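Enquirer: Coordinates in run06.cif, mmCIF, C-alpha atoms, are listed below.
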data_data
loop_
_atom_site.group_PDB
_atom_site.id
_atom_site.type_symbol
_atom_site.label_atom_id
_atom_site.label_comp_id
_atom_site.auth_asym_id
_atom_site.auth_seq_id
_atom_site.Cartn_x
_atom_site.Cartn_y
_atom_site.Cartn_z
ATOM 1 C CA MET A 1 111.929 79.425 90.653
ATOM 2 C CA ASN A 2 111.619 83.009 91.902
ATOM 3 C CA ASN A 3 110.595 84.124 88.424
ATOM 4 C CA LYS A 4 107.853 81.479 88.290
ATOM 5 C CA LYS A 5 106.658 82.486 91.746
ATOM 6 C CA SER A 6 106.580 86.160 90.749
ATOM 7 C CA ALA A 7 104.646 85.346 87.589
ATOM 8 C CA ALA A 8 102.112 83.323 89.583
ATOM 9 C CA GLN A 9 101.741 86.152 92.070
ATOM 10 C CA ALA A 10 101.243 88.603 89.217
ATOM 11 C CA ASP A 11 98.566 86.374 87.676
ATOM 12 C CA GLU A 12 96.799 86.045 91.021
ATOM 13 C CA LEU A 13 96.891 89.808 91.518
ATOM 14 C CA GLU A 14 95.548 90.378 88.011
ATOM 15 C CA LEU A 15 92.658 87.984 88.647
ATOM 16 C CA GLN A 16 91.869 89.657 91.955
ATOM 17 C CA GLU A 17 91.921 93.088 90.321
ATOM 18 C CA LEU A 18 89.537 91.812 87.649
ATOM 19 C CA GLY A 19 87.217 90.440 90.329
ATOM 20 C CA ASP A 20 87.330 93.726 92.223
ATOM 21 C CA TYR A 21 86.662 95.620 89.001
ATOM 22 C CA LEU A 22 83.586 93.533 88.171
ATOM 23 C CA ALA A 23 82.267 93.812 91.705
ATOM 24 C CA ARG A 24 82.515 97.610 91.602
ATOM 25 C CA GLN A 25 80.552 98.059 88.425
ATOM 26 C CA ASP A 26 77.013 99.445 88.438
ATOM 27 C CA PHE A 27 74.947 97.962 85.630
ATOM 28 C CA SER A 28 71.700 99.884 86.052
ATOM 29 C CA ARG A 29 70.117 101.650 83.080
ATOM 30 C CA GLU A 30 67.093 103.872 82.655
ATOM 31 C CA SER A 31 64.188 103.016 80.344
ATOM 32 C CA ASP A 32 63.469 100.187 77.941
ATOM 33 C CA PRO A 33 65.228 97.324 79.749
ATOM 34 C CA ALA A 34 64.028 94.891 77.109
ATOM 35 C CA GLU A 35 66.165 96.721 74.588
ATOM 36 C CA VAL A 36 69.090 96.702 77.008
ATOM 37 C CA LEU A 37 68.771 92.965 77.517
ATOM 38 C CA ARG A 38 68.460 92.370 73.794
ATOM 39 C CA GLN A 39 71.650 94.337 73.211
ATOM 40 C CA VAL A 40 73.469 92.102 75.669
ATOM 41 C CA ARG A 41 72.845 89.284 73.203
ATOM 42 C CA SER A 42 73.755 91.143 70.054
ATOM 43 C CA ARG A 43 75.919 94.197 70.658
ATOM 44 C CA SER A 44 77.208 96.639 73.228
ATOM 45 C CA ILE A 45 74.951 98.781 75.348
ATOM 46 C CA GLN A 46 74.710 102.236 73.835
ATOM 47 C CA LYS A 47 75.124 105.244 76.061
ATOM 48 C CA GLN A 48 71.569 106.548 75.502
ATOM 49 C CA GLN A 49 70.938 107.578 79.094
ATOM 50 C CA GLU A 50 73.889 109.694 80.150
ATOM 51 C CA ASP A 51 72.076 110.986 83.234
ATOM 52 C CA ASP A 52 71.650 107.590 84.904
ATOM 53 C CA ARG A 53 73.733 108.433 87.962
ATOM 54 C CA MET A 54 74.303 106.724 91.264
ATOM 55 C CA LYS A 55 72.360 107.359 94.451
ATOM 56 C CA ASN A 56 75.270 108.212 96.703
ATOM 57 C CA LYS A 57 78.749 109.631 96.569
ATOM 58 C CA GLN A 58 80.495 106.296 96.946
ATOM 59 C CA ARG A 59 78.733 104.878 93.876
ATOM 60 C CA ILE A 60 79.007 107.903 91.601
ATOM 61 C CA ARG A 61 80.191 106.735 88.204
ATOM 62 C CA ARG A 62 80.145 108.466 84.887
ATOM 63 C CA PRO A 63 77.530 106.591 82.870
ATOM 64 C CA VAL A 64 79.439 104.064 80.867
ATOM 65 C CA MET A 65 79.106 101.807 77.913
ATOM 66 C CA ILE A 66 79.292 98.331 79.400
ATOM 67 C CA ALA A 67 80.608 95.325 77.545
ATOM 68 C CA ALA A 68 77.904 92.708 77.189
ATOM 69 C CA SER A 69 80.222 90.064 78.593
ATOM 70 C CA LEU A 70 80.826 92.130 81.723
ATOM 71 C CA LEU A 71 77.120 92.797 82.108
ATOM 72 C CA VAL A 72 76.237 89.127 82.158
ATOM 73 C CA ALA A 73 79.099 88.370 84.528
ATOM 74 C CA ALA A 74 77.894 91.016 86.966
ATOM 75 C CA VAL A 75 74.479 89.400 87.323
ATOM 76 C CA VAL A 76 76.123 87.306 90.043
ATOM 77 C CA SER A 77 77.802 89.144 92.888
ATOM 78 C CA VAL A 78 81.500 88.883 92.114
ATOM 79 C CA SER A 79 83.995 88.659 94.949
ATOM 80 C CA PHE A 80 86.148 85.964 93.363
ATOM 81 C CA VAL A 81 86.644 85.224 89.691
ATOM 82 C CA ARG A 82 87.476 81.713 88.527
ATOM 83 C CA PRO A 83 90.806 81.658 86.688
ATOM 84 C CA SER A 84 89.201 80.172 83.573
ATOM 85 C CA PHE A 85 86.585 82.920 83.481
ATOM 86 C CA ALA A 86 89.140 85.639 84.171
ATOM 87 C CA GLN A 87 91.360 84.326 81.392
ATOM 88 C CA GLU A 88 88.394 84.324 79.019
ATOM 89 C CA MET A 89 87.610 87.925 79.976
ATOM 90 C CA LEU A 90 91.202 88.991 79.437
ATOM 91 C CA GLU A 91 91.253 87.295 76.033
ATOM 92 C CA ARG A 92 88.205 89.343 74.996
ATOM 93 C CA VAL A 93 90.031 92.649 75.463
ATOM 94 C CA LEU A 94 90.831 93.880 71.957
ATOM 95 C CA ASN A 95 92.183 97.290 72.891
ATOM 96 C CA SER A 96 92.710 99.317 76.049
ATOM 97 C CA VAL A 97 93.626 102.914 76.788
ATOM 98 C CA HIS A 98 95.006 104.156 80.113
ATOM 99 C CA LEU A 99 94.983 107.884 80.826
ATOM 100 C CA GLY A 100 95.958 108.691 84.381
ATOM 101 C CA HIS A 101 92.827 107.978 86.422
ATOM 102 C CA ILE A 102 90.841 106.817 83.377
ATOM 103 C CA GLU A 103 90.851 103.333 81.865
ATOM 104 C CA VAL A 104 88.832 102.235 78.819
ATOM 105 C CA ALA A 105 88.743 98.734 77.338
ATOM 106 C CA GLN A 106 87.303 97.572 74.031
ATOM 107 C CA MET A 107 85.886 94.072 74.321
ATOM 108 C CA ASP A 108 85.169 91.397 71.748
ATOM 109 C CA GLY A 109 81.371 91.149 71.759
ATOM 110 C CA SER A 110 81.090 88.281 69.274
ATOM 111 C CA HIS A 111 80.730 85.588 71.943
ATOM 112 C CA PRO A 112 77.157 84.303 72.435
ATOM 113 C CA LYS A 113 75.588 85.385 75.721
ATOM 114 C CA GLU A 114 73.607 83.067 77.967
ATOM 115 C CA PHE A 115 70.403 84.228 79.610
ATOM 116 C CA PRO A 116 71.199 84.544 83.356
ATOM 117 C CA ASP A 117 69.633 81.903 85.581
ATOM 118 C CA ALA A 118 68.872 84.637 88.117
ATOM 119 C CA TRP A 119 66.352 86.187 85.700
ATOM 120 C CA LYS A 120 64.546 82.980 84.746
ATOM 121 C CA GLY A 121 61.019 82.868 86.102
ATOM 122 C CA LYS A 122 61.086 86.590 86.843
ATOM 123 C CA ILE A 123 60.608 88.170 83.405
ATOM 124 C CA PHE A 124 57.416 87.877 81.339
ATOM 125 C CA ASP A 125 56.042 89.381 78.153
ATOM 126 C CA GLN A 126 52.786 91.319 77.866
ATOM 127 C CA GLU A 127 50.758 88.106 77.556
ATOM 128 C CA GLY A 128 52.323 86.615 80.679
ATOM 129 C CA ASN A 129 54.601 84.202 78.848
ATOM 130 C CA PRO A 130 57.973 83.668 80.531
ATOM 131 C CA VAL A 131 61.001 85.205 78.845
ATOM 132 C CA THR A 132 63.980 82.843 78.979
ATOM 133 C CA SER A 133 66.147 83.982 76.091
ATOM 134 C CA PHE A 134 67.654 87.114 74.603
ATOM 135 C CA ASN A 135 66.456 85.996 71.191
ATOM 136 C CA PRO A 136 63.758 87.034 70.805
ATOM 137 C CA MET A 137 63.310 89.659 73.510
ATOM 138 C CA PRO A 138 59.922 91.469 73.693
ATOM 139 C CA GLU A 139 59.737 95.252 73.552
ATOM 140 C CA ALA A 140 58.122 95.416 77.016
ATOM 141 C CA ILE A 141 58.827 93.118 79.967
ATOM 142 C CA PHE A 142 57.025 92.574 83.274
ATOM 143 C CA ASN A 143 57.429 90.770 86.576
ATOM 144 C CA ALA A 144 55.162 87.981 87.828
ATOM 145 C CA ALA A 145 52.735 90.539 89.298
ATOM 146 C CA GLY A 146 52.356 92.274 85.934
ATOM 147 C CA GLU A 147 54.381 95.336 86.901
ATOM 148 C CA ALA A 148 56.482 96.851 84.138
ATOM 149 C CA ILE A 149 60.210 96.320 84.580
ATOM 150 C CA VAL A 150 61.928 99.570 83.638
ATOM 151 C CA ASN A 151 65.454 99.081 84.969
ATOM 152 C CA PHE A 152 67.800 96.533 86.467
ATOM 153 C CA ASP A 153 70.798 96.500 88.781
ATOM 154 C CA GLY A 154 72.749 93.262 88.636
ATOM 155 C CA ASP A 155 70.211 90.473 89.103
ATOM 156 C CA LYS A 156 67.658 92.819 90.684
ATOM 157 C CA LEU A 157 64.810 93.806 88.363
ATOM 158 C CA ILE A 158 63.357 97.229 89.120
ATOM 159 C CA THR A 159 59.719 98.113 88.525
ATOM 160 C CA LEU A 160 58.347 101.490 87.492
ATOM 161 C CA SER A 161 57.236 102.408 91.018
ATOM 162 C CA GLU A 162 60.594 101.371 92.452
ATOM 163 C CA GLN A 163 62.425 103.431 89.846
ATOM 164 C CA GLU A 164 60.302 106.493 90.614
ATOM 165 C CA GLN A 165 61.265 106.180 94.281
ATOM 166 C CA LEU A 166 64.938 105.788 93.366
ATOM 167 C CA ASP A 167 64.734 108.875 91.152
ATOM 168 C CA LYS A 168 63.145 110.850 93.975
ATOM 169 C CA GLU A 169 65.873 109.838 96.398
ATOM 170 C CA ALA A 170 68.558 110.657 93.833
ATOM 171 C CA SER A 171 67.111 114.114 93.133
ATOM 172 C CA GLU A 172 67.235 114.923 96.838
ATOM 173 C CA GLN A 173 70.992 114.344 96.768
ATOM 174 C CA LYS A 174 71.648 116.843 93.982
ATOM 175 C CA PHE A 175 72.354 120.551 94.155
ATOM 176 C CA THR A 176 71.491 122.478 90.991
ATOM 177 C CA VAL A 177 73.252 125.607 89.753
ATOM 178 C CA LYS A 178 71.485 127.435 86.932
ATOM 179 C CA GLU A 179 74.104 130.141 86.250
ATOM 180 C CA ALA A 180 77.418 129.078 84.763
ATOM 181 C CA VAL A 181 79.298 131.902 86.496
ATOM 182 C CA LYS A 182 78.385 130.435 89.894
ATOM 183 C CA LEU A 183 79.770 126.951 89.272
ATOM 184 C CA ASP A 184 83.217 127.871 90.600
ATOM 185 C CA GLN A 185 81.677 128.777 93.969
ATOM 186 C CA TYR A 186 81.078 125.077 94.658
ATOM 187 C CA ALA A 187 83.649 123.151 92.614
ATOM 188 C CA LEU A 188 87.079 122.263 94.000
ATOM 189 C CA PHE A 189 88.578 123.225 90.648
ATOM 190 C CA LYS A 190 88.051 125.807 87.927
ATOM 191 C CA VAL A 191 85.032 124.753 85.870
ATOM 192 C CA LYS A 192 85.846 125.150 82.182
ATOM 193 C CA LEU A 193 82.938 125.141 79.716
ATOM 194 C CA PRO A 194 83.207 124.730 75.935
ATOM 195 C CA GLU A 195 83.610 127.974 74.055
ATOM 196 C CA TYR A 196 82.098 126.304 71.008
ATOM 197 C CA LEU A 197 78.683 124.657 70.926
ATOM 198 C CA PRO A 198 76.787 123.535 67.825
ATOM 199 C CA GLU A 199 73.996 125.811 66.670
ATOM 200 C CA GLY A 200 70.947 125.616 68.907
ATOM 201 C CA PHE A 201 72.799 124.506 72.048
ATOM 202 C CA ALA A 202 73.205 126.534 75.232
ATOM 203 C CA PHE A 203 74.275 125.850 78.819
ATOM 204 C CA ASP A 204 71.266 124.789 80.873
ATOM 205 C CA HIS A 205 72.460 123.912 84.370
ATOM 206 C CA GLY A 206 75.082 122.183 86.476
ATOM 207 C CA GLU A 207 74.578 119.581 89.197
ATOM 208 C CA PHE A 208 76.661 118.796 92.248
ATOM 209 C CA TYR A 209 76.156 115.957 94.709
ATOM 210 C CA LYS A 210 75.471 116.380 98.394
ATOM 211 C CA ASP A 211 77.267 114.538 101.160
ATOM 212 C CA GLU A 212 77.210 114.679 104.952
ATOM 213 C CA ALA A 213 79.071 117.996 104.927
ATOM 214 C CA GLY A 214 76.804 119.647 102.338
ATOM 215 C CA VAL A 215 77.593 120.212 98.663
ATOM 216 C CA SER A 216 80.530 118.154 97.434
ATOM 217 C CA GLY A 217 82.734 120.011 94.974
ATOM 218 C CA GLN A 218 84.636 116.995 93.663
ATOM 219 C CA ILE A 219 82.279 116.317 90.745
ATOM 220 C CA VAL A 220 80.071 118.570 88.639
ATOM 221 C CA GLU A 221 77.788 117.499 85.821
ATOM 222 C CA LEU A 222 77.000 119.988 83.071
ATOM 223 C CA PHE A 223 73.897 119.892 80.890
ATOM 224 C CA PHE A 224 73.404 121.724 77.611
ATOM 225 C CA ALA A 225 69.927 122.249 76.200
ATOM 226 C CA SER A 226 68.922 122.056 72.544
ATOM 227 C CA LYS A 227 65.631 122.567 70.725
ATOM 228 C CA ASP A 228 66.450 119.426 68.757
ATOM 229 C CA LYS A 229 65.519 116.601 71.137
ATOM 230 C CA ASP A 230 67.475 114.109 69.051
ATOM 231 C CA LYS A 231 70.711 115.892 69.942
ATOM 232 C CA ARG A 232 72.328 116.110 73.330
ATOM 233 C CA ILE A 233 75.503 117.282 75.049
ATOM 234 C CA TRP A 234 76.389 116.315 78.600
ATOM 235 C CA MET A 235 79.649 116.697 80.506
ATOM 236 C CA GLN A 236 81.136 115.598 83.765
ATOM 237 C CA LEU A 237 84.189 117.166 85.398
ATOM 238 C CA ARG A 238 85.922 115.383 88.281
ATOM 239 C CA LEU A 239 88.752 116.280 90.572
ATOM 240 C CA ALA A 240 91.521 113.936 89.434
ATOM 241 C CA ASN A 241 92.245 111.581 92.321
ATOM 242 C CA GLU A 242 91.979 107.883 93.169
ATOM 243 C CA GLU A 243 88.511 108.307 94.658
ATOM 244 C CA ASN A 244 87.146 109.589 91.351
ATOM 245 C CA ALA A 245 89.091 107.244 89.074
ATOM 246 C CA PHE A 246 86.964 104.978 86.913
ATOM 247 C CA SER A 247 87.043 102.209 84.320
ATOM 248 C CA MET A 248 84.839 101.688 81.288
ATOM 249 C CA ALA A 249 84.316 98.719 78.995
ATOM 250 C CA THR A 250 82.488 98.601 75.677
ATOM 251 C CA ASP A 251 82.015 96.496 72.588
ATOM 252 C CA ASP A 252 82.188 99.660 70.480
ATOM 253 C CA LYS A 253 85.283 101.191 68.910
ATOM 254 C CA VAL A 254 87.829 102.644 71.329
ATOM 255 C CA GLU A 255 90.390 105.032 69.901
ATOM 256 C CA GLN A 256 93.167 107.074 71.486
ATOM 257 C CA VAL A 257 93.238 110.600 70.062
ATOM 258 C CA LYS A 258 94.933 113.919 70.708
ATOM 259 C CA LEU A 259 93.167 117.062 71.920
ATOM 260 C CA LYS A 260 95.519 120.032 71.622
ATOM 261 C CA GLY A 261 98.422 117.694 72.368
ATOM 262 C CA THR A 262 96.654 115.965 75.268
ATOM 263 C CA ASP A 263 95.895 112.242 75.111
ATOM 264 C CA ALA A 264 92.177 111.406 75.115
ATOM 265 C CA VAL A 265 90.030 108.351 74.456
ATOM 266 C CA LEU A 266 87.196 108.499 71.931
ATOM 267 C CA VAL A 267 84.456 105.885 72.153
ATOM 268 C CA SER A 268 82.145 105.209 69.226
ATOM 269 C CA ASP A 269 82.946 108.663 67.782
ATOM 270 C CA ARG A 270 80.594 110.357 70.260
ATOM 271 C CA SER A 271 82.135 110.161 73.733
ATOM 272 C CA LEU A 272 85.444 111.630 74.902
ATOM 273 C CA ASP A 273 87.427 111.336 78.124
ATOM 274 C CA TRP A 274 90.697 112.964 79.076
ATOM 275 C CA GLU A 275 92.626 114.324 82.043
ATOM 276 C CA ALA A 276 94.379 117.683 82.226
ATOM 277 C CA ASN A 277 95.687 119.948 84.992
ATOM 278 C CA GLY A 278 94.188 117.948 87.814
ATOM 279 C CA VAL A 279 90.726 117.573 86.293
ATOM 280 C CA MET A 280 89.104 114.601 84.551
ATOM 281 C CA TYR A 281 86.851 115.613 81.654
ATOM 282 C CA GLY A 282 84.042 113.519 80.215
ATOM 283 C CA LEU A 283 82.070 114.670 77.175
ATOM 284 C CA SER A 284 79.071 112.655 76.001
ATOM 285 C CA THR A 285 76.940 113.479 72.980
ATOM 286 C CA ARG A 286 74.024 112.184 70.981
ATOM 287 C CA GLY A 287 73.152 113.077 67.416
ATOM 288 C CA LEU A 288 76.490 114.767 66.671
ATOM 289 C CA ASP A 289 79.211 113.582 64.326
ATOM 290 C CA ARG A 290 82.845 112.926 65.200
ATOM 291 C CA ALA A 291 84.085 116.295 63.940
ATOM 292 C CA GLU A 292 81.605 118.210 66.109
ATOM 293 C CA VAL A 293 82.489 116.166 69.200
ATOM 294 C CA LEU A 294 86.200 116.879 68.759
ATOM 295 C CA LYS A 295 85.537 120.560 68.055
ATOM 296 C CA ILE A 296 83.534 120.960 71.275
ATOM 297 C CA ALA A 297 86.267 119.322 73.345
ATOM 298 C CA GLU A 298 89.070 121.319 71.776
ATOM 299 C CA SER A 299 87.237 124.588 72.540
ATOM 300 C CA ILE A 300 87.643 123.990 76.295
ATOM 301 C CA ASN A 301 90.612 125.938 77.662
ATOM 302 C CA TRP A 302 91.776 123.527 80.350
#
Translate the structure described by the file into structure tokens.
Expert:
Amino acid sequence: MNNKKSAAQADELELQELGDYLARQDFSRESDPAEVLRQVRSRSIQKQQEDDRMKNKQRIRRPVMIAASLLVAAVVSVSFVRPSFAQEMLERVLNSVHLGHIEVAQMDGSHPKEFPDAWKGKIFDQEGNPVTSFNPMPEAIFNAAGEAIVNFDGDKLITLSEQEQLDKEASEQKFTVKEAVKLDQYALFKVKLPEYLPEGFAFDHGEFYKDEAGVSGQIVELFFASKDKDKRIWMQLRLANEENAFSMATDDKVEQVKLKGTDAVLVSDRSLDWEANGVMYGLSTRGLDRAEVLKIAESINW
């Protein structure tokens, strides 16, 4: 009897944790929301906009690849998850990797996705026709007033003017450091940059977030410039603690790999996360192959 009770309690706790996880997620994305919505129907959301960051310290999350199933679920504010839904979500997990304060899950994205009721009557194409399905999804979408929808956060659709205001507010909460040698003056840890960068890349700047006390040194984002606009390297370093811990979910391939003997998780051959010596490292790339991504990461002397 005690064993059955313990199992039931464990199941209840697991469901509650899943509900809490879904409720914490931020599902906003910059640019081309029609493409984002279309991908919900067909495949995982690609990490094209690595610099879509949160507006305040409590919501800071490394931009993630979100499983389509989680995205649709998050359209409704989640404080409690029905057992049947939670079980379905758990059954969709094909692979998961846990690395200290980092958790990554690979989801089965083959299930058909329903168009959220919360969006019906709110999305229109260029001719003013209502959009009620992911298939087909027009290239550009608008609200009832004809304003272009450029982003979304849960069931809230964000227009261009609203996004510009959000971007302005977000920029006011950032502190930029242009010289790499000055990063350690603000970070609560030693900032380690890659010693190897592909040809044409160079460090551009770092960004910290501001809080009530001034510049917060718990998280720094690093940007590397390239003349080739189709290629990109972006990093985020976090002080390893519970406050900065995060979870990711994706329909793309998730693979556990080794970086100089340290466990890391590689997503879609272009994104790496690992934890070492009290720091959480996130490396995101675009336009680079797997070998280059691994070489960049391994050149960091953590």
Enquirer: What's the 7 Å shell around stretch 219-228 of chain A, counting all atoms listed in the file, without same-chain residues fewer than 2 positions away, as a ChimeraX atom specification?
Expert: /A:200-208,217,230-239
Enquirer: Under the rule that only C-alpha atoms are counted, which of A:Leu272, A:Ile296, A:Val104, A:Ile149 is the nearest residue to A:Ser161?
Expert: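 Closest candidate: A:Ile149.
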Enquirer: Starting from the PyMOL selection byres ((chain A and resi 186) around 12), expand the selection into actual residues of this file and give them as a compact mmCIF listing (two decimals) with C-alpha atoms, in the frame of the given file.
Expert:
# COMPACT_ATOMS: atom_id res chain seq x y z
CA PHE A 175 72.35 120.55 94.16
CA THR A 176 71.49 122.48 90.99
CA VAL A 177 73.25 125.61 89.75
CA ALA A 180 77.42 129.08 84.76
CA VAL A 181 79.30 131.90 86.50
CA LYS A 182 78.39 130.44 89.89
CA LEU A 183 79.77 126.95 89.27
CA ASP A 184 83.22 127.87 90.60
CA GLN A 185 81.68 128.78 93.97
CA ALA A 187 83.65 123.15 92.61
CA LEU A 188 87.08 122.26 94.00
CA PHE A 189 88.58 123.22 90.65
CA LYS A 190 88.05 125.81 87.93
CA VAL A 191 85.03 124.75 85.87
CA GLY A 206 75.08 122.18 86.48
CA GLU A 207 74.58 119.58 89.20
CA PHE A 208 76.66 118.80 92.25
CA TYR A 209 76.16 115.96 94.71
CA LYS A 210 75.47 116.38 98.39
CA GLY A 214 76.80 119.65 102.34
CA VAL A 215 77.59 120.21 98.66
CA SER A 216 80.53 118.15 97.43
CA GLY A 217 82.73 120.01 94.97
CA GLN A 218 84.64 117.00 93.66
CA ILE A 219 82.28 116.32 90.74
CA VAL A 220 80.07 118.57 88.64
Enquirer: For the structure provided, state which residues fall under the PyMOL selection byres ((chain A and resi 110-124) around 6), and present them as an mmCIF file with C-alpha atoms, in the frame of the given file.
Expert:
data_model
loop_
_atom_site.group_PDB
_atom_site.id
_atom_site.type_symbol
_atom_site.label_atom_id
_atom_site.label_comp_id
_atom_site.auth_asym_id
_atom_site.auth_seq_id
_atom_site.Cartn_x
_atom_site.Cartn_y
_atom_site.Cartn_z
ATOM 1 C CA ARG A 41 72.845 89.284 73.203
ATOM 2 C CA ASP A 108 85.169 91.397 71.748
ATOM 3 C CA GLY A 109 81.371 91.149 71.759
ATOM 4 C CA ASP A 125 56.042 89.381 78.153
ATOM 5 C CA GLY A 128 52.323 86.615 80.679
ATOM 6 C CA ASN A 129 54.601 84.202 78.848
ATOM 7 C CA PRO A 130 57.973 83.668 80.531
ATOM 8 C CA VAL A 131 61.001 85.205 78.845
ATOM 9 C CA THR A 132 63.980 82.843 78.979
ATOM 10 C CA SER A 133 66.147 83.982 76.091
ATOM 11 C CA ILE A 141 58.827 93.118 79.967
ATOM 12 C CA PHE A 142 57.025 92.574 83.274
ATOM 13 C CA ASN A 143 57.429 90.770 86.576
#
Enquirer: Mind giving me the straight-line distance from atom CA of A:Asn135 to atom CA of A:Val150 in Å, one decimal?
Expert: 19.0 Å
Enquirer: Just to confirm, what's the straight-line distance from atom CA of A:Glu243 to atom CA of A:Leu99 in Å (one decimal)?
Expert: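 Spanning atom CA of A:Glu243 to atom CA of A:Leu99 is a straight-line distance of 15.3 Å.
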Enquirer: Could you tell me how far atom CA of A:Trp274 sits from atom CA of A:Asp289, in Å to one decimal place?
Expert: 18.7 Å
Enquirer: Measuring atom to atom with all atoms listed in the file, identify which of A:Ala148, A:Ala249, A:Ala240, A:Met137 is nearest to A:Ser96.
Expert: A:Ala249
Enquirer: Looking at A:Gly278, A:Asp153, A:Ala105, A:Glu212, which one is nearest to A:Glu242, with distances taken over all atoms listed in the file?
Expert: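 Ranking A:Gly278, A:Asp153, A:Ala105, A:Glu212 by distance to A:Glu242, first place goes to A:Gly278.
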Enquirer: To verify the selection step, state as JSON, numbers by chain which residues the PyMOL selection byres ((chain A and resi 302) around 7) yields on this input.
Expert: {"A": [192, 276, 300, 301]}
Enquirer: Skipping near chain neighbours, those fewer than 5 positions away, what residues fall within 12 Å of A:Ala264 using only C-alpha atoms, listed as a ChimeraX atom specification?
Expert: /A:97-104,254-259,271-276,280-283,294,297-298
Enquirer: Keeping only C-alpha atoms, write the selected residues to a file as an mmCIF file, in the frame of the given file.
Expert:
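Writing the result to part_7.cif gives the following:
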data_model
loop_
_atom_site.group_PDB
_atom_site.id
_atom_site.type_symbol
_atom_site.label_atom_id
_atom_site.label_comp_id
_atom_site.auth_asym_id
_atom_site.auth_seq_id
_atom_site.Cartn_x
_atom_site.Cartn_y
_atom_site.Cartn_z
ATOM 1 C CA VAL A 97 93.626 102.914 76.788
ATOM 2 C CA HIS A 98 95.006 104.156 80.113
ATOM 3 C CA LEU A 99 94.983 107.884 80.826
ATOM 4 C CA GLY A 100 95.958 108.691 84.381
ATOM 5 C CA HIS A 101 92.827 107.978 86.422
ATOM 6 C CA ILE A 102 90.841 106.817 83.377
ATOM 7 C CA GLU A 103 90.851 103.333 81.865
ATOM 8 C CA VAL A 104 88.832 102.235 78.819
ATOM 9 C CA VAL A 254 87.829 102.644 71.329
ATOM 10 C CA GLU A 255 90.390 105.032 69.901
ATOM 11 C CA GLN A 256 93.167 107.074 71.486
ATOM 12 C CA VAL A 257 93.238 110.600 70.062
ATOM 13 C CA LYS A 258 94.933 113.919 70.708
ATOM 14 C CA LEU A 259 93.167 117.062 71.920
ATOM 15 C CA SER A 271 82.135 110.161 73.733
ATOM 16 C CA LEU A 272 85.444 111.630 74.902
ATOM 17 C CA ASP A 273 87.427 111.336 78.124
ATOM 18 C CA TRP A 274 90.697 112.964 79.076
ATOM 19 C CA GLU A 275 92.626 114.324 82.043
ATOM 20 C CA ALA A 276 94.379 117.683 82.226
ATOM 21 C CA MET A 280 89.104 114.601 84.551
ATOM 22 C CA TYR A 281 86.851 115.613 81.654
ATOM 23 C CA GLY A 282 84.042 113.519 80.215
ATOM 24 C CA LEU A 283 82.070 114.670 77.175
ATOM 25 C CA LEU A 294 86.200 116.879 68.759
ATOM 26 C CA ALA A 297 86.267 119.322 73.345
ATOM 27 C CA GLU A 298 89.070 121.319 71.776
#
